[in-house]
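Text of the file start-v7.txt, holding compact mmCIF, N, CA and C atoms:
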```
# COMPACT_ATOMS: atom_id res chain seq x y z
N MET A 395 100.60 115.71 121.66
CA MET A 395 100.73 115.73 120.20
C MET A 395 102.20 115.48 119.85
N LEU A 396 102.42 114.63 118.88
CA LEU A 396 103.77 114.35 118.42
C LEU A 396 104.36 115.55 117.69
N LYS A 397 105.69 115.66 117.71
CA LYS A 397 106.38 116.77 117.03
C LYS A 397 105.98 116.85 115.56
N ALA A 398 105.96 115.71 114.88
CA ALA A 398 105.60 115.71 113.45
C ALA A 398 104.19 116.23 113.26
N GLU A 399 103.27 115.82 114.11
CA GLU A 399 101.89 116.28 113.98
C GLU A 399 101.80 117.79 114.20
N LYS A 400 102.57 118.32 115.13
CA LYS A 400 102.59 119.77 115.37
C LYS A 400 103.12 120.49 114.14
N ASP A 401 104.16 119.94 113.52
CA ASP A 401 104.70 120.53 112.29
C ASP A 401 103.65 120.53 111.18
N PHE A 402 102.93 119.42 111.04
CA PHE A 402 101.89 119.34 110.01
C PHE A 402 100.83 120.41 110.25
N GLU A 403 100.43 120.55 111.52
CA GLU A 403 99.41 121.54 111.87
C GLU A 403 99.89 122.95 111.54
N GLU A 404 101.14 123.25 111.89
CA GLU A 404 101.69 124.59 111.60
C GLU A 404 101.77 124.84 110.10
N PHE A 405 102.16 123.83 109.32
CA PHE A 405 102.25 124.00 107.88
C PHE A 405 100.87 124.26 107.28
N ILE A 406 99.88 123.52 107.72
CA ILE A 406 98.52 123.70 107.22
C ILE A 406 97.97 125.07 107.62
N GLU A 407 98.30 125.53 108.82
CA GLU A 407 97.90 126.88 109.22
C GLU A 407 98.48 127.92 108.28
N LEU A 408 99.73 127.73 107.86
CA LEU A 408 100.34 128.66 106.91
C LEU A 408 99.67 128.58 105.54
N LEU A 409 99.33 127.38 105.09
CA LEU A 409 98.61 127.25 103.82
C LEU A 409 97.31 128.04 103.88
N ASN A 410 96.61 127.94 104.99
CA ASN A 410 95.36 128.69 105.15
C ASN A 410 95.61 130.19 105.24
N LYS A 411 96.64 130.58 105.98
CA LYS A 411 96.97 132.00 106.14
C LYS A 411 97.22 132.67 104.79
N PHE A 412 97.89 131.95 103.88
CA PHE A 412 98.22 132.51 102.57
C PHE A 412 97.22 132.11 101.48
N ASN A 413 96.07 131.58 101.90
CA ASN A 413 94.97 131.25 100.98
C ASN A 413 95.38 130.30 99.85
N ILE A 414 96.16 129.29 100.18
CA ILE A 414 96.60 128.29 99.21
C ILE A 414 95.45 127.32 98.95
N GLU A 415 95.24 126.98 97.69
CA GLU A 415 94.26 125.95 97.32
C GLU A 415 94.95 124.60 97.43
N TYR A 416 94.54 123.80 98.41
CA TYR A 416 95.20 122.51 98.65
C TYR A 416 94.18 121.46 99.07
N MET A 417 94.65 120.22 99.07
CA MET A 417 93.83 119.10 99.51
C MET A 417 94.75 118.10 100.21
N ILE A 418 94.35 117.67 101.39
CA ILE A 418 95.11 116.65 102.10
C ILE A 418 94.72 115.29 101.52
N ILE A 419 95.73 114.51 101.16
CA ILE A 419 95.51 113.19 100.56
C ILE A 419 96.30 112.16 101.36
N GLY A 420 96.29 110.94 100.95
CA GLY A 420 97.09 109.91 101.60
C GLY A 420 96.47 109.44 102.91
N ALA A 421 97.32 109.01 103.85
CA ALA A 421 96.87 108.38 105.09
C ALA A 421 96.01 109.30 105.94
N TYR A 422 96.34 110.59 105.98
CA TYR A 422 95.53 111.51 106.78
C TYR A 422 94.12 111.64 106.22
N ALA A 423 93.98 111.68 104.93
CA ALA A 423 92.64 111.74 104.33
C ALA A 423 91.91 110.42 104.53
N LEU A 424 92.62 109.33 104.39
CA LEU A 424 92.03 108.01 104.58
C LEU A 424 91.47 107.85 105.98
N ALA A 425 92.11 108.48 106.96
CA ALA A 425 91.67 108.37 108.35
C ALA A 425 90.25 108.88 108.56
N LEU A 426 89.77 109.76 107.68
CA LEU A 426 88.40 110.25 107.79
C LEU A 426 87.38 109.20 107.38
N TYR A 427 87.78 108.26 106.54
CA TYR A 427 86.85 107.30 105.97
C TYR A 427 87.10 105.86 106.41
N ALA A 428 88.23 105.60 106.97
CA ALA A 428 88.60 104.24 107.36
C ALA A 428 89.39 104.30 108.66
N ARG A 429 90.10 103.25 108.93
CA ARG A 429 90.88 103.16 110.16
C ARG A 429 92.12 104.06 110.06
N PRO A 430 92.31 104.95 111.05
CA PRO A 430 93.50 105.82 111.02
C PRO A 430 94.79 105.00 111.13
N ARG A 431 95.80 105.47 110.44
CA ARG A 431 97.14 104.88 110.57
C ARG A 431 98.16 105.99 110.41
N ASN A 432 99.16 105.96 111.25
CA ASN A 432 100.20 106.99 111.21
C ASN A 432 101.40 106.44 110.47
N ASN A 433 101.72 107.06 109.34
CA ASN A 433 102.90 106.61 108.60
C ASN A 433 104.03 107.63 108.65
N GLY A 434 103.90 108.66 109.49
CA GLY A 434 104.99 109.59 109.73
C GLY A 434 105.10 110.75 108.78
N ASP A 435 104.18 110.85 107.82
CA ASP A 435 104.24 111.99 106.91
C ASP A 435 102.82 112.44 106.58
N ILE A 436 102.73 113.53 105.86
CA ILE A 436 101.44 114.01 105.38
C ILE A 436 101.59 114.34 103.90
N ASP A 437 100.60 113.96 103.13
CA ASP A 437 100.61 114.20 101.69
C ASP A 437 99.60 115.30 101.38
N ILE A 438 100.07 116.30 100.66
CA ILE A 438 99.22 117.45 100.34
C ILE A 438 99.30 117.71 98.84
N PHE A 439 98.14 117.74 98.19
CA PHE A 439 98.05 118.13 96.78
C PHE A 439 97.77 119.62 96.75
N ILE A 440 98.54 120.36 95.95
CA ILE A 440 98.36 121.80 95.84
C ILE A 440 98.05 122.15 94.40
N ASN A 441 96.97 122.89 94.20
CA ASN A 441 96.59 123.34 92.87
C ASN A 441 97.75 124.14 92.28
N ASN A 442 98.20 123.77 91.09
CA ASN A 442 99.44 124.35 90.55
C ASN A 442 99.21 125.64 89.75
N THR A 443 98.51 126.60 90.36
CA THR A 443 98.32 127.90 89.74
C THR A 443 99.50 128.81 90.06
N LEU A 444 99.68 129.84 89.25
CA LEU A 444 100.76 130.80 89.49
C LEU A 444 100.57 131.51 90.82
N ASN A 445 99.33 131.88 91.15
CA ASN A 445 99.07 132.55 92.42
C ASN A 445 99.44 131.65 93.60
N ASN A 446 99.04 130.38 93.54
CA ASN A 446 99.43 129.44 94.60
C ASN A 446 100.94 129.33 94.70
N ALA A 447 101.61 129.27 93.57
CA ALA A 447 103.07 129.15 93.56
C ALA A 447 103.72 130.34 94.26
N LYS A 448 103.25 131.54 93.95
CA LYS A 448 103.81 132.74 94.58
C LYS A 448 103.59 132.71 96.09
N GLN A 449 102.40 132.29 96.50
CA GLN A 449 102.09 132.24 97.93
C GLN A 449 102.85 131.10 98.62
N LEU A 450 103.07 130.00 97.92
CA LEU A 450 103.80 128.87 98.51
C LEU A 450 105.25 129.22 98.84
N ILE A 451 105.85 130.07 98.04
CA ILE A 451 107.21 130.53 98.35
C ILE A 451 107.21 131.21 99.71
N LYS A 452 106.19 131.99 100.00
CA LYS A 452 106.06 132.67 101.30
C LYS A 452 105.84 131.65 102.42
N VAL A 453 104.99 130.66 102.16
CA VAL A 453 104.73 129.62 103.15
C VAL A 453 106.01 128.88 103.50
N ILE A 454 106.74 128.46 102.48
CA ILE A 454 107.97 127.69 102.69
C ILE A 454 109.00 128.51 103.45
N SER A 455 109.11 129.78 103.12
CA SER A 455 110.04 130.66 103.82
C SER A 455 109.66 130.81 105.28
N GLU A 456 108.39 131.09 105.53
CA GLU A 456 107.93 131.29 106.91
C GLU A 456 108.02 130.00 107.72
N PHE A 457 107.89 128.86 107.06
CA PHE A 457 107.97 127.58 107.75
C PHE A 457 109.42 127.19 108.06
N GLY A 458 110.38 127.87 107.42
CA GLY A 458 111.78 127.62 107.73
C GLY A 458 112.56 126.88 106.66
N PHE A 459 112.02 126.78 105.46
CA PHE A 459 112.69 126.07 104.37
C PHE A 459 113.12 127.02 103.25
N GLU A 460 113.40 128.28 103.59
CA GLU A 460 113.76 129.25 102.55
C GLU A 460 115.05 128.92 101.83
N SER A 461 115.91 128.14 102.45
CA SER A 461 117.21 127.83 101.84
C SER A 461 117.15 126.67 100.83
N THR A 462 115.97 126.16 100.55
CA THR A 462 115.86 125.01 99.64
C THR A 462 116.10 125.37 98.18
N GLY A 463 115.94 126.64 97.83
CA GLY A 463 116.11 127.05 96.45
C GLY A 463 114.90 126.75 95.58
N ILE A 464 113.78 126.41 96.19
CA ILE A 464 112.56 126.12 95.44
C ILE A 464 112.04 127.41 94.82
N LYS A 465 111.65 127.32 93.56
CA LYS A 465 111.17 128.48 92.80
C LYS A 465 109.71 128.28 92.40
N GLU A 466 109.08 129.37 91.96
CA GLU A 466 107.67 129.33 91.56
C GLU A 466 107.41 128.25 90.51
N ASN A 467 108.30 128.15 89.51
CA ASN A 467 108.05 127.18 88.43
C ASN A 467 108.14 125.73 88.92
N ASP A 468 108.75 125.50 90.08
CA ASP A 468 108.74 124.15 90.65
C ASP A 468 107.32 123.73 91.02
N PHE A 469 106.47 124.69 91.34
CA PHE A 469 105.09 124.40 91.72
C PHE A 469 104.12 124.42 90.55
N THR A 470 104.48 125.07 89.47
CA THR A 470 103.55 125.17 88.35
C THR A 470 103.79 124.11 87.28
N THR A 471 104.84 123.33 87.41
CA THR A 471 105.13 122.26 86.46
C THR A 471 104.28 121.04 86.80
N LYS A 472 103.47 120.58 85.84
CA LYS A 472 102.62 119.41 86.07
C LYS A 472 103.46 118.18 86.37
N GLY A 473 102.96 117.37 87.30
CA GLY A 473 103.62 116.12 87.62
C GLY A 473 104.77 116.24 88.59
N ARG A 474 105.07 117.42 89.03
CA ARG A 474 106.21 117.65 89.94
C ARG A 474 105.82 117.27 91.36
N ILE A 475 106.70 116.59 92.06
CA ILE A 475 106.52 116.26 93.47
C ILE A 475 107.64 116.92 94.25
N ILE A 476 107.27 117.62 95.30
CA ILE A 476 108.25 118.31 96.14
C ILE A 476 108.14 117.76 97.54
N GLN A 477 109.27 117.42 98.11
CA GLN A 477 109.29 116.89 99.47
C GLN A 477 110.03 117.85 100.37
N LEU A 478 109.44 118.15 101.51
CA LEU A 478 110.09 118.96 102.52
C LEU A 478 110.34 118.08 103.74
N GLY A 479 111.48 118.22 104.35
CA GLY A 479 111.78 117.43 105.54
C GLY A 479 112.61 116.21 105.20
N GLU A 480 112.72 115.35 106.20
CA GLU A 480 113.57 114.17 106.08
C GLU A 480 112.79 112.97 105.57
N LEU A 481 113.49 112.10 104.87
CA LEU A 481 112.90 110.81 104.49
C LEU A 481 112.87 109.93 105.73
N TYR A 482 111.81 109.20 105.88
CA TYR A 482 111.76 108.26 106.99
C TYR A 482 112.19 106.89 106.49
N PRO A 483 112.71 106.07 107.39
CA PRO A 483 113.20 104.75 106.96
C PRO A 483 112.11 103.84 106.45
```
Will you turn the file into structure tokens for me?
Amino acid sequence: MLKAEKDFEEFIELLNKFNIEYMIIGAYALALYARPRNNGDIDIFINNTLNNAKQLIKVISEFGFESTGIKENDFTTKGRIIQLGELYP
């Protein structure tokens, strides 16, 4: 398993541990219905409820991104996109 894939798996395990309402979208979701392709990232849609936001702060902290300064309202604002990790070329 690639390092990135292991990270994705660990992040999803944390989403499940904290009962986050989420949906995997993008290339990983497409792989279930068409030809798989690895583009180096995973796209996750998270229901923007206050409860999810509170739990996501815990997920991000436990995953190792507590120093990002992300707050609950970052998750409850419609249309907001949050990226964790590095941009790929």
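Between Phe402 of chain A and the candidates A:Ile475, A:Asp435, A:Asn467, A:Ala421, the tightest atom-to-atom separation, counting all atoms listed in the file, involves A:Asp435.
For the atom pair formed by atom CA of Phe469 of chain A and atom CA of Leu450 of chain A, the distance is 8.2 Å, given to one decimal.
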### Query
For the atom pair atom CA of Arg431 of chain A and atom CA of Glu399 of chain A, what is the interatomic distance in Å to one decimal place?
12.8 Å
## Note on the structure
note - atom CA of Leu409 of chain A and atom N of Thr470 of chain A are separated by 15.7 Å
### Query
For Gly458 of chain A, which residue out of A:Met417, A:Ile440, A:Leu478, A:Ile406 is the nearest one, using only C-alpha atoms?
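So, comparing all the options, the nearest one is A:Leu478.
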Distance query Tyr416 of chain A at most 6.5 Å, only N, CA and C atoms, self and fewer than 4 positions along chain excluded, as a PDB file with N, CA and C atoms, in the coordinates of the input:
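Done, and the output landed in part_20.pdb:
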```pdb
ATOM      1  N   ILE A 438     100.070 116.300 100.660  1.00  0.00           N
ATOM      2  CA  ILE A 438      99.220 117.450 100.340  1.00  0.00           C
ATOM      3  C   ILE A 438      99.300 117.710  98.840  1.00  0.00           C
ATOM      4  N   PHE A 439      98.140 117.740  98.190  1.00  0.00           N
ATOM      5  CA  PHE A 439      98.050 118.130  96.780  1.00  0.00           C
ATOM      6  C   PHE A 439      97.770 119.620  96.750  1.00  0.00           C
ATOM      7  N   ILE A 440      98.540 120.360  95.950  1.00  0.00           N
ATOM      8  CA  ILE A 440      98.360 121.800  95.840  1.00  0.00           C
ATOM      9  C   ILE A 440      98.050 122.150  94.400  1.00  0.00           C
ATOM     10  N   ASN A 441      96.970 122.890  94.200  1.00  0.00           N
ATOM     11  CA  ASN A 441      96.590 123.340  92.870  1.00  0.00           C
ATOM     12  C   ASN A 441      97.750 124.140  92.280  1.00  0.00           C
TER      13      ASN A 441
END
```
### Task
Write down as a PyMOL selection string the residues belonging to chain A that are assigned helix (DSSP H, G or I) by DSSP computed on the backbone.
chain A and resi 397-411+421-427+444-457+460-462+466-470
#### Entry: Nearest-residue call for Ala423 of chain A, choices A:Lys411, A:Gly479, A:Ile436, A:Gln449, using all atoms listed in the file
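When distances to Ala423 of chain A are compared using all atoms listed in the file, the smallest one comes from A:Ile436.
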